[in-house]
$ cat entry_35.txt   # compact mmCIF, C-alpha atoms
# COMPACT_ATOMS: atom_id res chain seq x y z
CA MET C 838 -17.40 204.55 118.97
CA PHE C 839 -15.43 205.87 121.90
CA ASN C 840 -16.04 208.71 124.32
CA CYS C 841 -12.89 210.59 125.34
CA GLU C 842 -12.69 213.07 128.20
CA VAL C 843 -9.62 214.93 129.46
CA PHE C 844 -9.65 216.52 132.91
CA ILE C 845 -7.15 218.90 134.48
CA ASN C 846 -7.63 219.62 138.19
CA GLY C 847 -11.14 218.16 137.99
CA GLU C 848 -12.21 220.43 135.13
CA CYS C 849 -13.20 218.83 131.82
CA VAL C 850 -11.08 220.49 129.13
CA HIS C 851 -11.92 218.08 126.28
CA LYS C 852 -14.94 215.89 125.61
CA GLN C 853 -15.58 214.28 122.26
CA THR C 854 -16.84 211.10 120.63
CA TYR C 855 -14.58 209.32 118.15
CA LYS C 856 -15.02 206.46 115.70
CA SER C 857 -11.76 204.75 116.63
CA LEU C 858 -8.79 204.78 118.98
CA THR C 859 -6.67 205.87 116.03
CA ASP C 860 -8.81 209.00 115.65
CA ILE C 861 -8.27 209.77 119.34
CA SER C 862 -4.51 209.31 119.05
CA GLU C 863 -4.31 211.63 116.05
CA ASP C 864 -6.46 214.34 117.65
CA LEU C 865 -4.65 214.31 121.01
CA ASN C 866 -1.16 213.81 119.51
CA LEU C 867 -0.64 210.57 121.42
CA THR C 868 0.58 207.25 120.08
CA TYR C 869 -1.98 204.55 119.37
CA HIS C 870 -0.40 202.43 122.12
CA GLN C 871 -0.83 205.20 124.71
CA VAL C 872 -4.50 205.57 123.78
CA ALA C 873 -5.02 201.80 123.92
CA GLU C 874 -3.53 201.75 127.44
CA TYR C 875 -5.91 204.52 128.55
CA SER C 876 -8.83 202.69 126.96
CA ALA C 877 -7.96 199.44 128.75
CA GLY C 878 -7.61 201.28 132.07
CA ARG C 879 -3.96 200.35 132.53
CA VAL C 880 -2.68 203.93 132.93
CA LYS C 881 -2.91 205.21 136.47
CA ARG C 882 -2.33 208.78 137.54
CA ARG C 883 1.07 209.05 139.12
CA ILE C 884 0.79 209.96 142.77
CA THR C 885 4.25 211.48 142.95
CA ASN C 886 5.00 213.80 140.08
CA HIS C 887 6.59 217.18 139.69
CA PHE C 888 3.90 218.70 137.49
CA LYS C 889 1.53 221.32 138.76
CA PHE C 890 -1.17 220.16 136.33
CA HIS C 891 -1.55 216.54 135.33
CA PRO C 892 -4.25 215.54 132.83
CA VAL C 893 -6.52 212.60 133.55
CA VAL C 894 -7.68 210.90 130.35
CA SER C 895 -10.82 208.77 130.35
CA ILE C 896 -11.69 206.68 127.26
CA THR C 897 -14.78 204.49 127.28
CA LYS C 898 -16.19 202.34 124.52
CA LEU C 899 -19.79 203.20 123.72
CA PRO C 900 -22.27 200.37 123.18
CA LYS C 901 -23.19 199.67 119.58
CA SER C 902 -26.55 201.06 118.61
CA LYS C 903 -28.93 198.71 116.84

$ encode --input "entry_35.txt" --output "structure tokens"
Amino acid sequence: MFNCEVFINGECVHKQTYKSLTDISEDLNLTYHQVAEYSAGRVKRRITNHFKFHPVVSITKLPKSK
């Protein structure tokens, strides 16, 4: 299980729990590889960009319940 949150300008615009990274990629229209990079923490927000709004995606793996 994974928790996915998307923030724009500090405001949470999406928060949902998913069974897999594939489910996240399909729901957010991202590739599996992009979602895996977010999950591993390898995607950093670009400091210099030309976009007024830049989403920040946070994906965390939830501990398995017993």

$ atom_distance --input "entry_35.txt" --atom1 "CA of Pro900 (chain C)" --atom2 "CA of Phe839 (chain C)"
8.9 Å

$ closest_residue --input "entry_35.txt" --among "C:Ile896, C:Thr854, C:Ile861, C:His891" --to "Ala877 (chain C)" --atoms "all atoms listed in the file"
C:Ile896

$ closest_residue --input "entry_35.txt" --among "C:Lys901, C:Ser876, C:Pro892, C:Tyr869" --to "Cys849 (chain C)" --atoms "all atoms listed in the file"
C:Pro892

$ atom_distance --input "entry_35.txt" --atom1 "CA of Val894 (chain C)" --atom2 "CA of Glu848 (chain C)"
11.6 Å

$ atom_distance --input "entry_35.txt" --atom1 "CA of Lys856 (chain C)" --atom2 "CA of Asn840 (chain C)"
9.0 Å

$ closest_residue --input "entry_35.txt" --among "C:Val880, C:Ser902, C:Val893, C:Cys841" --to "Asp860 (chain C)" --atoms "all atoms listed in the file"
C:Cys841

$ axis_aligned_box --input "entry_35.txt" --around "region 892-898 of chain C" --padding-each-side "6 Å" --output "AutoDock Vina command-line options"
--center_x -10.2 --center_y 208.9 --center_z 129.0 --size_x 23.9 --size_y 25.2 --size_z 21.0

$ closest_residue --input "entry_35.txt" --among "C:Ile845, C:Phe888, C:Ala873, C:Thr897" --to "Thr859 (chain C)" --atoms "only C-alpha atoms"
C:Ala873
